[in-house]
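Just start10.cif here, mmCIF, C-alpha atoms:
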data_protein
#
loop_
_atom_site.label_atom_id
_atom_site.label_comp_id
_atom_site.auth_asym_id
_atom_site.auth_seq_id
_atom_site.Cartn_x
_atom_site.Cartn_y
_atom_site.Cartn_z
CA MET A 1367 0.00 0.00 0.00
CA ALA A 1368 1.44 3.41 -0.98
CA SER A 1369 2.36 5.69 1.94
CA SER A 1370 1.15 9.30 2.16
CA PRO A 1371 3.76 11.99 1.26
CA ASP A 1372 2.67 13.93 4.37
CA ALA A 1373 3.55 11.08 6.76
CA PRO A 1374 7.17 9.90 6.27
CA SER A 1375 7.92 6.39 7.45
CA VAL A 1376 10.23 5.70 10.37
CA GLY A 1377 13.89 5.99 9.41
CA ASN A 1378 13.15 8.16 6.34
CA THR A 1379 12.67 11.60 7.99
CA PRO A 1380 13.99 14.41 5.72
CA GLU A 1381 17.27 15.79 7.02
CA ASN A 1382 16.71 19.56 6.69
CA PRO A 1383 19.02 21.75 8.82
CA GLY A 1384 17.37 23.86 11.46
CA ASN A 1385 14.34 21.67 12.08
CA GLY A 1386 15.74 19.21 14.59
CA SER A 1387 16.77 16.64 11.95
CA PRO A 1388 19.26 13.86 12.76
CA SER A 1389 22.04 15.62 10.82
CA GLU A 1390 21.66 18.82 12.87
CA ALA A 1391 21.59 16.88 16.15
CA SER A 1392 24.68 14.95 15.09
CA GLY A 1393 26.59 18.15 14.33
CA SER A 1394 25.69 19.67 17.73
CA LEU A 1395 26.80 16.58 19.59
CA ALA A 1396 30.07 16.43 17.69
CA ALA A 1397 30.79 20.09 18.41
CA SER A 1398 30.23 19.59 22.11
CA GLY A 1399 32.47 16.54 22.22
CA ALA A 1400 29.56 14.15 23.03
CA PRO A 1401 29.65 10.62 21.58
CA HIS A 1402 28.32 10.34 17.97
CA THR A 1403 25.31 8.00 18.44
CA ALA A 1404 22.53 9.48 16.26
CA GLY A 1405 23.69 7.72 13.09
CA THR A 1406 23.86 4.39 14.92
CA ALA A 1407 20.37 4.87 16.38
CA THR A 1408 18.96 5.75 12.94
CA GLY A 1409 20.56 2.63 11.41
CA GLU A 1410 19.08 0.47 14.15
CA ARG A 1411 15.62 1.95 13.56
CA ARG A 1412 15.90 1.32 9.81
CA GLY A 1413 17.03 -2.25 10.49
CA ARG A 1414 14.01 -2.83 12.73
CA VAL A 1415 11.65 -1.40 10.07
CA ARG A 1416 13.13 -3.66 7.38
CA ALA A 1417 12.80 -6.68 9.67
CA ARG A 1418 9.16 -5.84 10.41
CA ARG A 1419 8.40 -5.41 6.70
CA ALA A 1420 10.01 -8.77 5.90
CA ALA A 1421 7.98 -10.45 8.64
CA VAL A 1422 4.72 -8.93 7.33
CA MET A 1423 5.49 -10.08 3.78
CA ALA A 1424 6.16 -13.62 5.02
CA VAL A 1425 2.80 -13.91 6.83
CA PRO A 1426 0.56 -14.46 3.75
CA ALA A 1427 2.79 -17.25 2.39
CA THR A 1428 2.88 -18.90 5.81
CA LEU A 1429 -0.91 -18.71 6.18
CA ILE A 1430 -1.46 -20.16 2.70
CA ALA A 1431 0.89 -23.09 3.37
CA ALA A 1432 -0.75 -23.77 6.73
CA GLY A 1433 -4.22 -23.55 5.18
CA LEU A 1434 -3.34 -26.06 2.46
CA ALA A 1435 -1.91 -28.45 5.04
CA VAL A 1436 -5.12 -28.28 7.08
CA LEU A 1437 -7.35 -28.73 4.02
CA THR A 1438 -5.35 -31.73 2.84
CA ALA A 1439 -5.51 -33.31 6.30
CA GLN A 1440 -9.29 -32.82 6.33
CA GLY A 1441 -9.64 -34.39 2.92
CA ALA A 1442 -10.92 -31.18 1.32
CA LEU A 1443 -8.07 -31.27 -1.16
CA GLY A 1444 -6.75 -34.38 -2.83
CA VAL A 1445 -3.13 -34.87 -3.67
CA GLN A 1446 -2.84 -33.59 -7.25
CA PHE A 1447 -0.36 -34.68 -9.93
CA ALA A 1448 -0.19 -34.55 -13.71
CA ILE A 1449 -1.38 -37.85 -15.16
CA SER A 1450 0.56 -39.51 -17.97
CA GLY A 1451 -2.55 -39.83 -20.10
CA MET A 1452 -1.94 -43.58 -20.53
CA PRO A 1453 -4.87 -45.59 -19.10
CA PHE A 1454 -4.20 -48.79 -17.17
CA THR A 1455 -6.39 -51.76 -16.33
CA VAL A 1456 -7.00 -53.04 -12.80
CA THR A 1457 -8.84 -56.27 -11.99
CA ALA A 1458 -9.55 -58.22 -8.81
CA THR A 1459 -11.66 -61.29 -8.14
CA GLU A 1460 -13.04 -59.55 -5.07
CA LEU A 1461 -12.88 -56.16 -3.37
CA ASN A 1462 -14.19 -55.43 0.12
CA GLY A 1463 -14.11 -51.93 1.57
CA THR A 1464 -15.32 -49.84 4.47
CA GLY A 1465 -16.06 -46.14 4.00
CA PHE A 1466 -16.94 -45.70 0.31
CA GLU A 1467 -17.39 -42.48 -1.71
CA GLN A 1468 -17.76 -41.75 -5.43
CA PHE A 1469 -17.99 -38.50 -7.42
CA GLY A 1470 -17.01 -36.95 -10.73
CA GLY A 1471 -13.68 -35.26 -11.36
CA LEU A 1472 -11.26 -34.00 -13.97
CA ASP A 1473 -7.64 -35.17 -14.36
CA ASN A 1474 -5.00 -33.12 -16.18
CA MET A 1475 -1.94 -34.18 -18.16
CA ALA A 1476 1.38 -32.37 -18.14
CA ASP A 1477 1.62 -29.42 -20.53
CA GLY A 1478 2.62 -30.59 -24.00
CA SER A 1479 1.91 -34.26 -23.28
CA PRO A 1480 1.99 -36.34 -26.50
CA ASN A 1481 -0.98 -38.31 -25.11
CA ALA A 1482 -3.29 -35.28 -24.99
CA GLY A 1483 -4.69 -35.83 -28.49
CA ASP A 1484 -7.81 -33.72 -28.99
CA THR A 1485 -8.78 -33.80 -25.29
CA GLY A 1486 -6.86 -30.66 -24.36
CA GLY A 1487 -4.90 -32.77 -21.87
CA GLN A 1488 -7.94 -33.44 -19.68
CA GLU A 1489 -9.83 -36.62 -18.80
CA LEU A 1490 -13.28 -36.73 -17.23
CA VAL A 1491 -13.14 -39.40 -14.52
CA VAL A 1492 -15.13 -40.95 -11.70
CA THR A 1493 -13.19 -40.82 -8.41
CA SER A 1494 -13.82 -43.73 -6.05
CA ALA A 1495 -12.50 -43.36 -2.49
CA ILE A 1496 -12.35 -46.20 0.05
CA LYS A 1497 -11.12 -45.70 3.60
CA ASN A 1498 -9.92 -49.31 4.00
CA ALA A 1499 -9.94 -52.02 1.32
CA THR A 1500 -8.82 -55.58 0.69
CA LEU A 1501 -8.46 -57.12 -2.78
CA ASP A 1502 -8.05 -60.72 -3.93
CA HIS A 1503 -5.90 -61.60 -6.97
CA LEU A 1504 -5.06 -58.02 -7.93
CA CYS A 1505 -3.83 -57.47 -11.49
CA GLN A 1506 -2.68 -54.20 -13.04
CA SER A 1507 -1.47 -53.75 -16.60
CA VAL A 1508 -0.57 -50.85 -18.90
CA ASP A 1509 -0.19 -51.15 -22.67
CA LEU A 1510 3.21 -49.77 -23.66
CA GLY A 1511 2.69 -50.38 -27.37
CA GLY A 1512 3.54 -53.94 -28.40
CA THR A 1513 3.99 -55.15 -24.83
CA ASN A 1514 2.29 -54.80 -21.45
CA MET A 1515 3.80 -54.04 -18.06
CA LEU A 1516 1.99 -56.44 -15.74
CA ILE A 1517 1.76 -56.36 -11.93
CA THR A 1518 0.06 -59.07 -9.87
CA ALA A 1519 -0.30 -59.51 -6.10
CA GLY A 1520 -2.51 -61.08 -3.46
CA ALA A 1521 -2.88 -64.43 -5.20
CA GLY A 1522 -2.08 -66.43 -2.04
CA ALA A 1523 -3.57 -66.55 1.44
CA ASP A 1524 -2.67 -62.89 2.13
CA LYS A 1525 -4.81 -60.26 0.43
CA VAL A 1526 -3.79 -56.87 -0.93
CA GLN A 1527 -4.53 -54.18 1.66
CA ALA A 1528 -4.97 -50.46 1.08
CA SER A 1529 -5.97 -47.45 3.18
CA GLN A 1530 -7.14 -44.04 1.91
CA LEU A 1531 -7.41 -45.65 -1.53
CA THR A 1532 -8.61 -43.49 -4.44
CA THR A 1533 -8.95 -44.42 -8.11
CA ASP A 1534 -9.76 -42.12 -11.03
CA SER A 1535 -11.60 -44.28 -13.57
CA THR A 1536 -13.31 -43.96 -16.93
CA GLN A 1537 -14.81 -47.46 -16.74
CA LEU A 1538 -15.76 -49.71 -13.80
CA SER A 1539 -17.63 -53.02 -13.86
CA GLY A 1540 -18.39 -55.93 -11.52
CA ASP A 1541 -21.08 -57.30 -9.22
CA ALA A 1542 -21.50 -54.68 -6.49
CA ALA A 1543 -23.29 -54.55 -3.12
CA PHE A 1544 -23.44 -51.57 -0.74
CA ASN A 1545 -24.59 -51.12 2.85
CA ASN A 1546 -26.36 -47.89 3.92
CA ILE A 1547 -25.83 -46.19 0.59
CA GLU A 1548 -26.68 -42.51 0.01
CA ILE A 1549 -27.13 -41.38 -3.60
CA GLY A 1550 -27.28 -37.77 -4.77
CA ASN A 1551 -25.12 -36.11 -2.10
CA ASP A 1552 -23.22 -32.91 -2.83
CA ALA A 1553 -19.63 -34.10 -3.20
CA SER A 1554 -18.37 -31.39 -0.85
CA THR A 1555 -20.37 -32.90 2.04
CA LEU A 1556 -19.12 -36.52 1.89
CA THR A 1557 -18.04 -38.08 5.20
CA LYS A 1558 -17.54 -41.84 4.77
CA ALA A 1559 -13.97 -42.01 3.39
CA GLY A 1560 -12.54 -38.68 4.55
CA VAL A 1561 -12.38 -37.22 1.02
CA LYS A 1562 -14.44 -34.27 -0.20
CA GLY A 1563 -15.18 -33.58 -3.84
CA PRO A 1564 -16.03 -30.29 -5.60
CA ILE A 1565 -19.11 -28.39 -4.41
CA GLY A 1566 -22.18 -28.84 -6.59
CA VAL A 1567 -21.04 -32.22 -7.98
CA PHE A 1568 -23.27 -35.30 -7.81
CA SER A 1569 -21.92 -38.09 -5.58
CA GLN A 1570 -22.78 -41.13 -3.51
CA GLN A 1571 -21.40 -42.83 -0.40
CA ALA A 1572 -21.91 -45.99 1.66
CA ASP A 1573 -20.73 -47.60 4.87
CA THR A 1574 -19.35 -50.67 3.03
CA VAL A 1575 -18.80 -51.85 -0.53
CA HIS A 1576 -18.34 -55.34 -1.99
CA ILE A 1577 -17.45 -55.83 -5.67
CA ALA A 1578 -16.89 -59.26 -7.23
CA ASN A 1579 -15.09 -59.59 -10.57
CA LEU A 1580 -13.89 -55.98 -10.42
CA ARG A 1581 -12.55 -54.43 -13.60
CA GLN A 1582 -11.47 -50.80 -13.95
CA THR A 1583 -9.88 -48.57 -16.57
CA ASN A 1584 -7.93 -46.02 -14.51
CA TYR A 1585 -5.86 -42.91 -15.07
CA ALA A 1586 -4.64 -42.50 -11.49
CA THR A 1587 -4.50 -44.36 -8.18
CA THR A 1588 -3.36 -43.08 -4.79
CA ALA A 1589 -3.23 -44.72 -1.36
CA GLY A 1590 -1.99 -43.85 2.10
CA VAL A 1591 -0.82 -47.45 2.59
CA PHE A 1592 -0.67 -50.13 -0.13
CA LYS A 1593 0.45 -53.64 0.87
CA LEU A 1594 1.07 -56.06 -2.02
CA PRO A 1595 1.90 -59.59 -0.78
CA GLY A 1596 3.40 -61.83 -3.47
CA LEU A 1597 4.13 -58.88 -5.75
CA LYS A 1598 5.29 -59.78 -9.29
CA LEU A 1599 6.21 -57.28 -12.01
CA ARG A 1600 6.94 -58.41 -15.54
CA PHE A 1601 6.36 -57.73 -19.23
CA SER A 1602 3.70 -59.72 -21.02
CA ASP A 1603 2.12 -60.08 -24.45
CA SER A 1604 -1.31 -59.74 -22.82
CA GLY A 1605 -2.73 -57.52 -20.12
CA CYS A 1606 -5.16 -58.17 -17.28
#
Kindly return the structure encoded in the file as structure tokens.
Amino acid sequence: MASSPDAPSVGNTPENPGNGSPSEASGSLAASGAPHTAGTATGERRGRVRARRAAVMAVPATLIAAGLAVLTAQGALGVQFAISGMPFTVTATELNGTGFEQFGGLDNMADGSPNAGDTGGQELVVTSAIKNATLDHLCQSVDLGGTNMLITAGAGADKVQASQLTTDSTQLSGDAAFNNIEIGNDASTLTKAGVKGPIGVFSQQADTVHIANLRQTNYATTAGVFKLPGLKLRFSDSGC
């Protein structure tokens, strides 16, 4: 904010002789043999003013960072990253979850991505959030053009476990069952999985979800914890 010309700031008082300015006071002290301290005092005042200005400028950045940390912890903001634009397939013979939410979203590719095509680098997705989930016989594959990178896990006695699991999908199929489902919520008011979507967006949530023969086409997956017993990664002629 600009300062008024009639109200000089501290440490910038005009030094006009004869009006009690620091330069006049300094000359009088020097003539009388007193110690020369006015210049030092003025420098200290200017240093304090600069320090205060720096502290004030730092406050907005600090508040913004703190606000984002709080919003992320409350689930109001998801962790955002630029998607590659290459879809991948996820299948499981069975998924069981507690705390389920689902709402629409928009994923963005990195600027200049060769996978953008005519989409403008954006993909309309359905975000599914599950507070805690287990999956049997998990398979994930991505087509790299002529070959597939294939990941499998949870084929033995131990199941794949995930917490704060979110998937951004364009397709999802399977035999699903929900307990205490609510359909038509505003996505910003969801409470079951700790994630909140955009205000004004259609959503649904349930206490539990069970999906047999799950199959998804995803653009992104995130999880707070992801345990993959019996993990195998390899290249294959076929995907999941």
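Atom CA of A:Leu1516 sits 26.2 Å away from atom CA of A:Val1575.
Of the residues under consideration (A:Gly1522, A:Gly1605, A:Gly1465, A:Gly1451), A:Gly1465 shows the shortest atom-to-atom contact distance to A:Gly1560 when counting all atoms listed in the file.
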Which residues match the PyMOL selection byres ((chain A and resi 1474) around 9) in the file above, as a ChimeraX atom specification? /A:1447-1451,1472-1473,1475-1477,1486-1489
Stretch 1582-1587 of chain A environment, 7 Å, only C-alpha atoms, sequence neighbours closer than 2 positions dropped, as number ranges by chain: A: 1449, 1451-1457, 1532-1539, 1580, 1589
Could you expand the PyMOL selection byres ((chain A and resi 1549) around 9) into the explicit residues it covers here, written as a ChimeraX atom specification? /A:1547-1548,1550-1551,1568-1572
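Ranking A:Met1515, A:Val1561, A:Val1567, A:Ala1553 by their shortest atom-to-atom distance to A:Ser1604, with all atoms listed in the file included, puts A:Met1515 first.
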Straight-line distance linking atom CA of A:Thr1574 with atom CA of A:Ala1495, stated in Å to one decimal: 11.4 Å
Grab the atom CA of A:Asn1579 to atom CA of A:Ala1458 distance for me, in Å with one decimal place. 6.0 Å
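When the PyMOL selection byres ((chain A and resi 1492) around 6) is evaluated against the file, it yields Phe1469, Gly1470, Gly1471, Val1491, Thr1493, Asp1534 and Ser1535 of chain A.
Of the residues under consideration (A:Asn1514, A:Ser1529, A:Asp1509, A:Ala1482), A:Asn1514 shows the shortest atom-to-atom contact distance to A:Phe1601 when counting only C-alpha atoms.
When all atoms listed in the file are used to compute distances to A:Asn1498, the closest of the residues A:Ala1521, A:Leu1594, A:Ala1543, A:Ala1528 turns out to be A:Ala1528.
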Nearest to A:Pro1564, restricted to only C-alpha atoms and choosing among A:Pro1480, A:Gln1468, A:Asn1462, A:Thr1485, comes out as A:Gln1468
Looking at A:Ala1542, A:Val1526, A:Cys1606, A:Leu1556, which one is nearest to A:Phe1592, with distances taken over all atoms listed in the file? A:Val1526
Around all the atoms of stretch 1482-1492 of chain A listed in the file, with 8 Å of room on each side, what axis-aligned box do you get, giving centre and edge lengths in Å to one decimal, as JSON?
{"center_x": -9.2, "center_y": -35.8, "center_z": -20.3, "size_x": 27.8, "size_y": 26.3, "size_z": 33.3}
